[in-house]
$ cat coords.pdb   # PDB, C-alpha atoms, pLDDT in the B column
ATOM      1  CA  MET O   1     -16.287  -5.230  -7.292  1.00 57.00           C
ATOM      2  CA  ASP O   2     -17.749  -4.281  -3.909  1.00 78.00           C
ATOM      3  CA  LYS O   3     -16.556  -0.922  -2.636  1.00 86.00           C
ATOM      4  CA  LYS O   4     -14.932  -0.571   0.781  1.00 91.00           C
ATOM      5  CA  THR O   5     -16.342   2.017   3.192  1.00 94.00           C
ATOM      6  CA  LEU O   6     -13.970   4.273   5.084  1.00 95.00           C
ATOM      7  CA  ILE O   7     -14.122   6.797   7.940  1.00 96.00           C
ATOM      8  CA  ILE O   8     -11.567   9.592   8.319  1.00 96.00           C
ATOM      9  CA  ALA O   9     -10.838  10.728  11.879  1.00 96.00           C
ATOM     10  CA  ASP O  10      -8.767  13.883  12.386  1.00 95.00           C
ATOM     11  CA  ASP O  11      -9.451  17.041  14.379  1.00 94.00           C
ATOM     12  CA  HIS O  12      -8.344  19.350  11.548  1.00 94.00           C
ATOM     13  CA  ILE O  13     -10.900  19.821   8.779  1.00 94.00           C
ATOM     14  CA  MET O  14      -8.253  20.813   6.226  1.00 93.00           C
ATOM     15  CA  VAL O  15      -6.391  17.572   6.903  1.00 91.00           C
ATOM     16  CA  ARG O  16      -9.594  15.567   6.417  1.00 92.00           C
ATOM     17  CA  GLU O  17     -10.238  17.399   3.145  1.00 93.00           C
ATOM     18  CA  GLY O  18      -6.697  16.574   2.043  1.00 91.00           C
ATOM     19  CA  PHE O  19      -7.216  12.896   2.852  1.00 90.00           C
ATOM     20  CA  LYS O  20     -10.459  12.826   0.886  1.00 90.00           C
ATOM     21  CA  LEU O  21      -8.780  14.455  -2.093  1.00 90.00           C
ATOM     22  CA  ALA O  22      -5.897  11.981  -1.943  1.00 88.00           C
ATOM     23  CA  LEU O  23      -8.307   9.035  -1.892  1.00 88.00           C
ATOM     24  CA  SER O  24     -10.698  10.370  -4.518  1.00 86.00           C
ATOM     25  CA  GLY O  25      -8.961   8.464  -7.301  1.00 81.00           C
ATOM     26  CA  MET O  26      -9.373   5.088  -5.577  1.00 85.00           C
ATOM     27  CA  ASP O  27     -12.528   3.697  -7.163  1.00 82.00           C
ATOM     28  CA  ASN O  28     -12.878   0.844  -4.696  1.00 86.00           C
ATOM     29  CA  LEU O  29     -13.297   3.192  -1.702  1.00 90.00           C
ATOM     30  CA  VAL O  30     -16.245   5.245  -0.442  1.00 91.00           C
ATOM     31  CA  ILE O  31     -15.854   7.858   2.306  1.00 93.00           C
ATOM     32  CA  ALA O  32     -18.688   6.898   4.643  1.00 93.00           C
ATOM     33  CA  GLY O  33     -18.099   9.525   7.321  1.00 94.00           C
ATOM     34  CA  GLU O  34     -15.766  11.922   9.119  1.00 95.00           C
ATOM     35  CA  ALA O  35     -14.950  12.429  12.790  1.00 96.00           C
ATOM     36  CA  SER O  36     -13.172  15.296  14.541  1.00 95.00           C
ATOM     37  CA  ASN O  37     -12.313  13.375  17.708  1.00 96.00           C
ATOM     38  CA  GLY O  38     -11.943   9.824  18.967  1.00 96.00           C
ATOM     39  CA  GLU O  39     -15.286   9.651  20.739  1.00 96.00           C
ATOM     40  CA  GLU O  40     -17.128  10.755  17.628  1.00 97.00           C
ATOM     41  CA  CYS O  41     -15.218   8.188  15.595  1.00 97.00           C
ATOM     42  CA  VAL O  42     -16.248   5.387  17.969  1.00 97.00           C
ATOM     43  CA  ARG O  43     -19.917   6.382  17.643  1.00 97.00           C
ATOM     44  CA  LEU O  44     -19.655   6.509  13.848  1.00 96.00           C
ATOM     45  CA  ALA O  45     -17.885   3.162  13.705  1.00 96.00           C
ATOM     46  CA  GLU O  46     -20.591   1.518  15.798  1.00 96.00           C
ATOM     47  CA  LYS O  47     -23.304   3.022  13.627  1.00 96.00           C
ATOM     48  CA  LEU O  48     -21.781   2.605  10.154  1.00 96.00           C
ATOM     49  CA  ARG O  49     -19.539  -0.457  10.655  1.00 96.00           C
ATOM     50  CA  PRO O  50     -17.042   0.699   8.009  1.00 96.00           C
ATOM     51  CA  ASP O  51     -14.459  -1.568   6.459  1.00 95.00           C
ATOM     52  CA  MET O  52     -11.648   0.779   7.441  1.00 96.00           C
ATOM     53  CA  ILE O  53     -10.739   3.893   9.441  1.00 96.00           C
ATOM     54  CA  VAL O  54      -7.888   6.348   8.875  1.00 96.00           C
ATOM     55  CA  MET O  55      -7.162   7.590  12.394  1.00 95.00           C
ATOM     56  CA  ASP O  56      -5.065  10.400  13.857  1.00 95.00           C
ATOM     57  CA  ILE O  57      -3.712   9.923  17.389  1.00 93.00           C
ATOM     58  CA  ASP O  58      -3.616  13.449  18.824  1.00 91.00           C
ATOM     59  CA  MET O  59      -7.317  14.359  18.963  1.00 94.00           C
ATOM     60  CA  PRO O  60      -9.494  16.018  21.639  1.00 93.00           C
ATOM     61  CA  VAL O  61     -12.078  14.279  23.856  1.00 93.00           C
ATOM     62  CA  MET O  62     -10.570  10.839  23.124  1.00 95.00           C
ATOM     63  CA  ASN O  63      -7.247  10.129  21.419  1.00 96.00           C
ATOM     64  CA  GLY O  64      -6.878   7.807  18.454  1.00 94.00           C
ATOM     65  CA  ILE O  65      -5.306   4.959  20.409  1.00 94.00           C
ATOM     66  CA  GLU O  66      -8.156   4.782  22.911  1.00 96.00           C
ATOM     67  CA  ALA O  67     -10.647   5.092  20.083  1.00 97.00           C
ATOM     68  CA  SER O  68      -8.942   2.282  18.174  1.00 96.00           C
ATOM     69  CA  LYS O  69      -9.133  -0.003  21.195  1.00 95.00           C
ATOM     70  CA  LYS O  70     -12.857   0.656  21.668  1.00 96.00           C
ATOM     71  CA  ILE O  71     -13.580   0.216  17.953  1.00 97.00           C
ATOM     72  CA  LYS O  72     -11.769  -3.132  17.870  1.00 94.00           C
ATOM     73  CA  GLU O  73     -13.903  -4.220  20.827  1.00 94.00           C
ATOM     74  CA  ILE O  74     -17.017  -3.268  18.845  1.00 94.00           C
ATOM     75  CA  ASP O  75     -15.869  -5.066  15.689  1.00 94.00           C
ATOM     76  CA  GLU O  76     -12.389  -6.517  15.331  1.00 92.00           C
ATOM     77  CA  ASN O  77     -12.868  -6.743  11.557  1.00 93.00           C
ATOM     78  CA  ILE O  78     -12.796  -2.953  11.164  1.00 95.00           C
ATOM     79  CA  LYS O  79      -9.326  -2.145   9.840  1.00 95.00           C
ATOM     80  CA  ILE O  80      -7.532   0.851  11.365  1.00 95.00           C
ATOM     81  CA  LEU O  81      -4.663   2.811   9.820  1.00 95.00           C
ATOM     82  CA  ILE O  82      -2.957   5.244  12.185  1.00 93.00           C
ATOM     83  CA  LEU O  83      -1.798   8.340  10.303  1.00 90.00           C
ATOM     84  CA  THR O  84      -0.027  10.681  12.697  1.00 85.00           C
ATOM     85  CA  MET O  85       2.845  13.007  13.496  1.00 84.00           C
ATOM     86  CA  MET O  86       3.562  10.995  16.664  1.00 73.00           C
ATOM     87  CA  SER O  87       6.866   9.178  16.088  1.00 70.00           C
ATOM     88  CA  ASP O  88       7.827   8.254  19.657  1.00 74.00           C
ATOM     89  CA  GLU O  89       8.051   4.477  20.062  1.00 74.00           C
ATOM     90  CA  SER O  90       5.614   4.525  22.998  1.00 82.00           C
ATOM     91  CA  TYR O  91       2.844   5.650  20.635  1.00 85.00           C
ATOM     92  CA  VAL O  92       3.734   2.897  18.182  1.00 84.00           C
ATOM     93  CA  PHE O  93       3.573   0.120  20.772  1.00 83.00           C
ATOM     94  CA  ASN O  94       0.451   1.497  22.462  1.00 87.00           C
ATOM     95  CA  ALA O  95      -1.237   1.582  19.054  1.00 88.00           C
ATOM     96  CA  LEU O  96      -0.137  -1.987  18.340  1.00 84.00           C
ATOM     97  CA  SER O  97      -1.566  -3.057  21.694  1.00 85.00           C
ATOM     98  CA  ALA O  98      -4.863  -1.472  20.666  1.00 88.00           C
ATOM     99  CA  GLY O  99      -4.971  -3.818  17.667  1.00 89.00           C
ATOM    100  CA  ILE O 100      -4.383  -1.374  14.795  1.00 89.00           C
ATOM    101  CA  ASP O 101      -3.586  -2.691  11.310  1.00 90.00           C
ATOM    102  CA  GLY O 102      -1.161  -0.054  10.082  1.00 89.00           C
ATOM    103  CA  TYR O 103       0.882   2.953  11.190  1.00 90.00           C
ATOM    104  CA  ILE O 104       2.438   5.650   9.001  1.00 90.00           C
ATOM    105  CA  TYR O 105       3.523   9.243   9.495  1.00 88.00           C
ATOM    106  CA  LYS O 106       1.809  12.299   8.036  1.00 89.00           C
ATOM    107  CA  MET O 107       5.071  13.390   6.440  1.00 86.00           C
ATOM    108  CA  SER O 108       5.075  10.212   4.328  1.00 85.00           C
ATOM    109  CA  PRO O 109       4.770  10.611   0.547  1.00 87.00           C
ATOM    110  CA  LEU O 110       1.258  10.447  -0.875  1.00 88.00           C
ATOM    111  CA  THR O 111       2.150   7.186  -2.644  1.00 88.00           C
ATOM    112  CA  ILE O 112       2.875   5.563   0.738  1.00 89.00           C
ATOM    113  CA  PHE O 113      -0.451   6.742   2.141  1.00 90.00           C
ATOM    114  CA  LYS O 114      -2.428   5.396  -0.796  1.00 90.00           C
ATOM    115  CA  GLU O 115      -0.524   2.094  -0.784  1.00 89.00           C
ATOM    116  CA  ALA O 116      -1.190   1.698   2.937  1.00 90.00           C
ATOM    117  CA  VAL O 117      -4.905   2.335   2.463  1.00 92.00           C
ATOM    118  CA  ARG O 118      -5.076  -0.075  -0.473  1.00 89.00           C
ATOM    119  CA  LEU O 119      -3.287  -2.930   1.280  1.00 88.00           C
ATOM    120  CA  ILE O 120      -5.106  -2.556   4.590  1.00 90.00           C
ATOM    121  CA  SER O 121      -8.474  -2.378   2.837  1.00 89.00           C
ATOM    122  CA  GLU O 122      -7.541  -5.698   1.207  1.00 86.00           C
ATOM    123  CA  GLY O 123      -6.740  -7.269   4.572  1.00 84.00           C
ATOM    124  CA  GLU O 124      -2.963  -6.806   4.637  1.00 87.00           C
ATOM    125  CA  PRO O 125      -1.190  -4.896   7.449  1.00 85.00           C
ATOM    126  CA  TYR O 126       1.019  -1.941   6.526  1.00 85.00           C
ATOM    127  CA  PHE O 127       3.695  -0.219   8.588  1.00 85.00           C
ATOM    128  CA  SER O 128       6.050   2.420   7.233  1.00 81.00           C
ATOM    129  CA  ARG O 129       9.755   1.627   7.122  1.00 77.00           C
ATOM    130  CA  GLU O 130      10.397   3.961  10.048  1.00 78.00           C
ATOM    131  CA  VAL O 131       7.785   2.210  12.178  1.00 77.00           C
ATOM    132  CA  THR O 132       9.047  -1.241  11.177  1.00 76.00           C
ATOM    133  CA  ASN O 133      12.562  -0.218  12.247  1.00 73.00           C
ATOM    134  CA  ILE O 134      11.233   0.815  15.664  1.00 68.00           C
ATOM    135  CA  ILE O 135       9.482  -2.544  16.088  1.00 66.00           C
ATOM    136  CA  VAL O 136      12.514  -4.584  14.982  1.00 63.00           C
ATOM    137  CA  LYS O 137      14.920  -2.552  17.114  1.00 65.00           C
ATOM    138  CA  LYS O 138      12.723  -3.010  20.164  1.00 62.00           C
ATOM    139  CA  LYS O 139      12.331  -6.750  19.585  1.00 59.00           C
ATOM    140  CA  PHE O 140      16.008  -7.481  19.087  1.00 51.00           C
ATOM    141  CA  GLY O 141      17.031  -5.028  21.803  1.00 50.00           C
ATOM    142  CA  GLU O 142      14.951  -6.952  24.330  1.00 53.00           C
ATOM    143  CA  THR O 143      16.304 -10.265  23.030  1.00 53.00           C
ATOM    144  CA  ASP O 144      19.907  -9.090  23.364  1.00 55.00           C
ATOM    145  CA  LYS O 145      19.230  -7.784  26.866  1.00 57.00           C
ATOM    146  CA  LYS O 146      17.777 -11.113  27.998  1.00 61.00           C
ATOM    147  CA  GLU O 147      20.540 -13.125  26.348  1.00 63.00           C
ATOM    148  CA  SER O 148      23.199 -11.063  28.121  1.00 66.00           C
ATOM    149  CA  LYS O 149      21.845 -12.325  31.463  1.00 77.00           C
ATOM    150  CA  LEU O 150      22.767 -15.902  30.589  1.00 83.00           C
ATOM    151  CA  THR O 151      26.115 -17.389  31.541  1.00 86.00           C
ATOM    152  CA  GLN O 152      28.166 -19.164  28.889  1.00 88.00           C
ATOM    153  CA  ARG O 153      27.178 -22.522  30.378  1.00 90.00           C
ATOM    154  CA  GLU O 154      23.490 -21.563  30.313  1.00 88.00           C
ATOM    155  CA  LYS O 155      23.775 -20.557  26.657  1.00 87.00           C
ATOM    156  CA  GLU O 156      25.415 -23.901  25.918  1.00 89.00           C
ATOM    157  CA  ILE O 157      22.588 -25.776  27.653  1.00 90.00           C
ATOM    158  CA  LEU O 158      19.928 -23.636  25.952  1.00 86.00           C
ATOM    159  CA  LYS O 159      21.430 -24.483  22.566  1.00 87.00           C
ATOM    160  CA  LEU O 160      21.253 -28.205  23.336  1.00 89.00           C
ATOM    161  CA  ILE O 161      17.667 -27.883  24.582  1.00 85.00           C
ATOM    162  CA  ALA O 162      16.749 -26.159  21.322  1.00 82.00           C
ATOM    163  CA  GLN O 163      18.391 -29.012  19.411  1.00 82.00           C
ATOM    164  CA  GLY O 164      16.053 -31.471  21.113  1.00 78.00           C
ATOM    165  CA  GLU O 165      18.380 -32.902  23.744  1.00 83.00           C
ATOM    166  CA  THR O 166      16.803 -34.084  27.023  1.00 84.00           C
ATOM    167  CA  SER O 167      18.197 -33.027  30.411  1.00 87.00           C
ATOM    168  CA  LYS O 168      19.703 -36.513  30.822  1.00 90.00           C
ATOM    169  CA  GLU O 169      21.385 -36.357  27.401  1.00 90.00           C
ATOM    170  CA  ILE O 170      22.695 -32.852  28.114  1.00 91.00           C
ATOM    171  CA  ALA O 171      24.122 -34.025  31.447  1.00 92.00           C
ATOM    172  CA  GLU O 172      25.962 -36.884  29.730  1.00 92.00           C
ATOM    173  CA  LYS O 173      27.254 -34.692  26.898  1.00 91.00           C
ATOM    174  CA  LEU O 174      28.551 -31.929  29.183  1.00 92.00           C
ATOM    175  CA  PHE O 175      29.739 -34.294  31.958  1.00 92.00           C
ATOM    176  CA  LEU O 176      27.349 -32.717  34.468  1.00 91.00           C
ATOM    177  CA  SER O 177      24.938 -34.227  36.948  1.00 91.00           C
ATOM    178  CA  TYR O 178      21.253 -34.415  36.015  1.00 91.00           C
ATOM    179  CA  PHE O 179      20.481 -32.182  39.012  1.00 92.00           C
ATOM    180  CA  THR O 180      22.927 -29.511  37.789  1.00 93.00           C
ATOM    181  CA  VAL O 181      21.331 -29.456  34.330  1.00 91.00           C
ATOM    182  CA  THR O 182      17.788 -29.147  35.713  1.00 90.00           C
ATOM    183  CA  THR O 183      18.958 -26.313  37.969  1.00 92.00           C
ATOM    184  CA  HIS O 184      20.480 -24.517  34.976  1.00 91.00           C
ATOM    185  CA  ARG O 185      17.266 -25.083  33.039  1.00 89.00           C
ATOM    186  CA  LYS O 186      15.212 -23.525  35.827  1.00 90.00           C
ATOM    187  CA  ASN O 187      17.551 -20.516  35.955  1.00 90.00           C
ATOM    188  CA  ILE O 188      17.333 -20.069  32.176  1.00 88.00           C
ATOM    189  CA  LEU O 189      13.523 -20.065  32.307  1.00 88.00           C
ATOM    190  CA  GLU O 190      13.571 -17.426  35.035  1.00 87.00           C
ATOM    191  CA  LYS O 191      16.144 -15.195  33.340  1.00 86.00           C
ATOM    192  CA  LEU O 192      14.391 -15.294  29.967  1.00 84.00           C
ATOM    193  CA  GLN O 193      10.947 -14.961  31.584  1.00 82.00           C
ATOM    194  CA  VAL O 194       9.507 -17.862  29.607  1.00 81.00           C
ATOM    195  CA  LYS O 195       7.366 -20.774  30.774  1.00 79.00           C
ATOM    196  CA  ASN O 196       8.234 -23.877  28.807  1.00 78.00           C
ATOM    197  CA  THR O 197      10.528 -25.656  26.350  1.00 77.00           C
ATOM    198  CA  ALA O 198       8.642 -24.365  23.309  1.00 74.00           C
ATOM    199  CA  GLU O 199       9.288 -20.766  24.359  1.00 76.00           C
ATOM    200  CA  LEU O 200      12.928 -21.583  25.104  1.00 80.00           C
ATOM    201  CA  ILE O 201      13.345 -22.952  21.578  1.00 78.00           C
ATOM    202  CA  LYS O 202      11.625 -19.901  20.093  1.00 75.00           C
ATOM    203  CA  PHE O 203      14.000 -17.599  21.973  1.00 75.00           C
ATOM    204  CA  ALA O 204      17.042 -19.613  20.959  1.00 77.00           C
ATOM    205  CA  LEU O 205      16.050 -19.426  17.300  1.00 73.00           C
ATOM    206  CA  SER O 206      15.223 -15.704  17.332  1.00 68.00           C
ATOM    207  CA  SER O 207      18.449 -14.796  19.127  1.00 69.00           C
ATOM    208  CA  GLY O 208      20.675 -16.883  16.863  1.00 67.00           C
ATOM    209  CA  ILE O 209      21.885 -19.158  19.677  1.00 67.00           C
ATOM    210  CA  VAL O 210      21.032 -22.207  17.561  1.00 60.00           C
TER     211      VAL O 210
END
$ encode --input "coords.pdb" --output "structure tokens"
Amino acid sequence: MDKKTLIIADDHIMVREGFKLALSGMDNLVIAGEASNGEECVRLAEKLRPDMIVMDIDMPVMNGIEASKKIKEIDENIKILILTMMSDESYVFNALSAGIDGYIYKMSPLTIFKEAVRLISEGEPYFSREVTNIIVKKKFGETDKKESKLTQREKEILKLIAQGETSKEIAEKLFLSYFTVTTHRKNILEKLQVKNTAELIKFALSSGIV
């Protein structure tokens, strides 16, 4: 079995030593290098092209999120696991925007860390339960906020659109003029900030309107 190469990026040497010790029992991994800041990690990644990087966020010179973004631009196939103390949701979503493949906290049990490394090295994303909760809460919070902008009539029309009804059919079913339905449709698109019928249907399904 081919071994996966890995870089550890953290500005504390004792933390890096702890990571190496934790991963020493994983026979399919080889520690290819270490970095003490984001800029150094980017240079190492470009030179070594590792399979995976374990990356802290709060590092000098260049933080882990910026480093992750640059590394993904160099080679999007390099997997990146964020391992940090930063629990604020802004860090989570900025890291996701950078293209990372996993996010866990340093206070996580060792078993979680090793499972995250194993799965990500095999091509599967991994996010701790706490991080997943942040993502889900944000997603459904935004959905609820958008849905609350719709009137009851607009929700009724959106449901029929999602069920495949045309504007003409909706007008006949709700005893409205075709013009009124198309006006409602335009308002729904604007309120939900979507562009087309496909996105309307996706919203209706995710929000439970259908």
$ closest_residue --input "coords.pdb" --among "O:Glu46, O:Asp75, O:Glu122, O:Glu172" --to "O:Lys3" --atoms "only C-alpha atoms"
O:Glu122
$ resolve_selection --input "coords.pdb" --expression "the PyMOL selection byres ((chain O and resi 38) around 6)" --output "tab-separated table (two decimals) with C-alpha atoms, in the coordinates of the input"
chain	number	residue	atom	x	y	z
O	37	ASN	CA	-12.31	13.38	17.71
O	39	GLU	CA	-15.29	9.65	20.74
O	40	GLU	CA	-17.13	10.76	17.63
O	41	CYS	CA	-15.22	8.19	15.60
O	62	MET	CA	-10.57	10.84	23.12
O	63	ASN	CA	-7.25	10.13	21.42
O	64	GLY	CA	-6.88	7.81	18.45
O	67	ALA	CA	-10.65	5.09	20.08
$ resolve_selection --input "coords.pdb" --expression "the PyMOL selection byres ((chain O and resi 47) around 12)" --output "list in words"
Ile7, Ala32, Gly33, Glu40, Cys41, Val42, Arg43, Leu44, Ala45, Glu46, Leu48, Arg49, Pro50, Ile71, Ile74 and Asp75 of chain O
$ axis_aligned_box --input "coords.pdb" --around "stretch 151-160 of chain O" --padding-each-side "3 Å" --output "AutoDock Vina command-line options"
--center_x 24.0 --center_y -22.8 --center_z 27.1 --size_x 14.2 --size_y 16.8 --size_z 15.0
$ atom_distance --input "coords.pdb" --atom1 "atom CA of O:Phe19" --atom2 "atom CA of O:Val117"
10.8 Å
$ closest_residue --input "coords.pdb" --among "O:Ile53, O:Ala98, O:Met85, O:Ile8" --to "O:Lys69" --atoms "only C-alpha atoms"
O:Ala98
$ residues_near_point --input "coords.pdb" --point "(23.8, -32.2, 30.3)" --cutoff "10 Å" --atoms "only C-alpha atoms" --output "list in words"
Glu156, Ile157, Leu160, Ile161, Glu165, Thr166, Ser167, Lys168, Glu169, Ile170, Ala171, Glu172, Lys173, Leu174, Phe175, Leu176, Ser177, Tyr178, Phe179, Thr180, Val181, Thr182 and His184 of chain O
$ residues_around --input "coords.pdb" --residues "O:Leu23" --least-positions-apart "6" --cutoff "9 Å" --atoms "only C-alpha atoms" --output "list in words"
Leu29, Val30, Ile31, Lys114 and Val117 of chain O
$ residues_around --input "coords.pdb" --residues "stretch 87-91 of chain O" --least-positions-apart "5" --cutoff "12 Å" --atoms "all atoms listed in the file" --output "ChimeraX atom specification"
/O:56-58,63-66,82,96-98,100,103-108,128,130-138
$ write_last_selection --input "coords.pdb" --atoms "C-alpha atoms" --output "mmCIF file, in the frame of the given file"
data_model
loop_
_atom_site.group_PDB
_atom_site.id
_atom_site.type_symbol
_atom_site.label_atom_id
_atom_site.label_comp_id
_atom_site.auth_asym_id
_atom_site.auth_seq_id
_atom_site.Cartn_x
_atom_site.Cartn_y
_atom_site.Cartn_z
ATOM 1 C CA ASP O 56 -5.065 10.400 13.857
ATOM 2 C CA ILE O 57 -3.712 9.923 17.389
ATOM 3 C CA ASP O 58 -3.616 13.449 18.824
ATOM 4 C CA ASN O 63 -7.247 10.129 21.419
ATOM 5 C CA GLY O 64 -6.878 7.807 18.454
ATOM 6 C CA ILE O 65 -5.306 4.959 20.409
ATOM 7 C CA GLU O 66 -8.156 4.782 22.911
ATOM 8 C CA ILE O 82 -2.957 5.244 12.185
ATOM 9 C CA LEU O 96 -0.137 -1.987 18.340
ATOM 10 C CA SER O 97 -1.566 -3.057 21.694
ATOM 11 C CA ALA O 98 -4.863 -1.472 20.666
ATOM 12 C CA ILE O 100 -4.383 -1.374 14.795
ATOM 13 C CA TYR O 103 0.882 2.953 11.190
ATOM 14 C CA ILE O 104 2.438 5.650 9.001
ATOM 15 C CA TYR O 105 3.523 9.243 9.495
ATOM 16 C CA LYS O 106 1.809 12.299 8.036
ATOM 17 C CA MET O 107 5.071 13.390 6.440
ATOM 18 C CA SER O 108 5.075 10.212 4.328
ATOM 19 C CA SER O 128 6.050 2.420 7.233
ATOM 20 C CA GLU O 130 10.397 3.961 10.048
ATOM 21 C CA VAL O 131 7.785 2.210 12.178
ATOM 22 C CA THR O 132 9.047 -1.241 11.177
ATOM 23 C CA ASN O 133 12.562 -0.218 12.247
ATOM 24 C CA ILE O 134 11.233 0.815 15.664
ATOM 25 C CA ILE O 135 9.482 -2.544 16.088
ATOM 26 C CA VAL O 136 12.514 -4.584 14.982
ATOM 27 C CA LYS O 137 14.920 -2.552 17.114
ATOM 28 C CA LYS O 138 12.723 -3.010 20.164
#
$ closest_residue --input "coords.pdb" --among "O:Ala35, O:Leu192, O:Ile78, O:Ile201" --to "O:Val61" --atoms "all atoms listed in the file"
O:Ala35
$ build_atoms --input "coords.pdb" --residues "stretch 147-164 of chain O" --atoms "N, CA and C atoms" --output "mmCIF file, in the frame of the given file"
data_model
loop_
_atom_site.group_PDB
_atom_site.id
_atom_site.type_symbol
_atom_site.label_atom_id
_atom_site.label_comp_id
_atom_site.auth_asym_id
_atom_site.auth_seq_id
_atom_site.Cartn_x
_atom_site.Cartn_y
_atom_site.Cartn_z
ATOM 1 N N GLU O 147 19.454 -12.176 26.607
ATOM 2 C CA GLU O 147 20.540 -13.125 26.348
ATOM 3 C C GLU O 147 21.774 -12.777 27.166
ATOM 4 N N SER O 148 22.006 -11.487 27.382
ATOM 5 C CA SER O 148 23.199 -11.063 28.121
ATOM 6 C C SER O 148 23.165 -11.505 29.583
ATOM 7 N N LYS O 149 21.974 -11.861 30.076
ATOM 8 C CA LYS O 149 21.845 -12.325 31.463
ATOM 9 C C LYS O 149 22.307 -13.772 31.635
ATOM 10 N N LEU O 150 22.392 -14.489 30.520
ATOM 11 C CA LEU O 150 22.767 -15.902 30.589
ATOM 12 C C LEU O 150 24.277 -16.068 30.691
ATOM 13 N N THR O 151 24.697 -17.041 31.489
ATOM 14 C CA THR O 151 26.115 -17.389 31.541
ATOM 15 C C THR O 151 26.464 -18.203 30.291
ATOM 16 N N GLN O 152 27.749 -18.390 30.046
ATOM 17 C CA GLN O 152 28.166 -19.164 28.889
ATOM 18 C C GLN O 152 27.656 -20.600 28.976
ATOM 19 N N ARG O 153 27.678 -21.163 30.177
ATOM 20 C CA ARG O 153 27.178 -22.522 30.378
ATOM 21 C C ARG O 153 25.682 -22.595 30.087
ATOM 22 N N GLU O 154 24.937 -21.592 30.545
ATOM 23 C CA GLU O 154 23.490 -21.563 30.313
ATOM 24 C C GLU O 154 23.178 -21.446 28.824
ATOM 25 N N LYS O 155 23.970 -20.669 28.105
ATOM 26 C CA LYS O 155 23.775 -20.557 26.657
ATOM 27 C C LYS O 155 24.043 -21.904 25.977
ATOM 28 N N GLU O 156 25.060 -22.592 26.466
ATOM 29 C CA GLU O 156 25.415 -23.901 25.918
ATOM 30 C C GLU O 156 24.271 -24.897 26.139
ATOM 31 N N ILE O 157 23.704 -24.874 27.326
ATOM 32 C CA ILE O 157 22.588 -25.776 27.653
ATOM 33 C C ILE O 157 21.345 -25.392 26.858
ATOM 34 N N LEU O 158 21.086 -24.099 26.732
ATOM 35 C CA LEU O 158 19.928 -23.636 25.952
ATOM 36 C C LEU O 158 20.035 -24.102 24.502
ATOM 37 N N LYS O 159 21.219 -24.042 23.944
ATOM 38 C CA LYS O 159 21.430 -24.483 22.566
ATOM 39 C C LYS O 159 21.092 -25.964 22.410
ATOM 40 N N LEU O 160 21.526 -26.769 23.386
ATOM 41 C CA LEU O 160 21.253 -28.205 23.336
ATOM 42 C C LEU O 160 19.763 -28.499 23.539
ATOM 43 N N ILE O 161 19.115 -27.729 24.398
ATOM 44 C CA ILE O 161 17.667 -27.883 24.582
ATOM 45 C C ILE O 161 16.953 -27.608 23.260
ATOM 46 N N ALA O 162 17.368 -26.539 22.596
ATOM 47 C CA ALA O 162 16.749 -26.159 21.322
ATOM 48 C C ALA O 162 16.993 -27.198 20.234
ATOM 49 N N GLN O 163 18.070 -27.963 20.379
ATOM 50 C CA GLN O 163 18.391 -29.012 19.411
ATOM 51 C C GLN O 163 17.688 -30.329 19.738
ATOM 52 N N GLY O 164 16.857 -30.300 20.792
ATOM 53 C CA GLY O 164 16.053 -31.471 21.113
ATOM 54 C C GLY O 164 16.639 -32.420 22.133
#
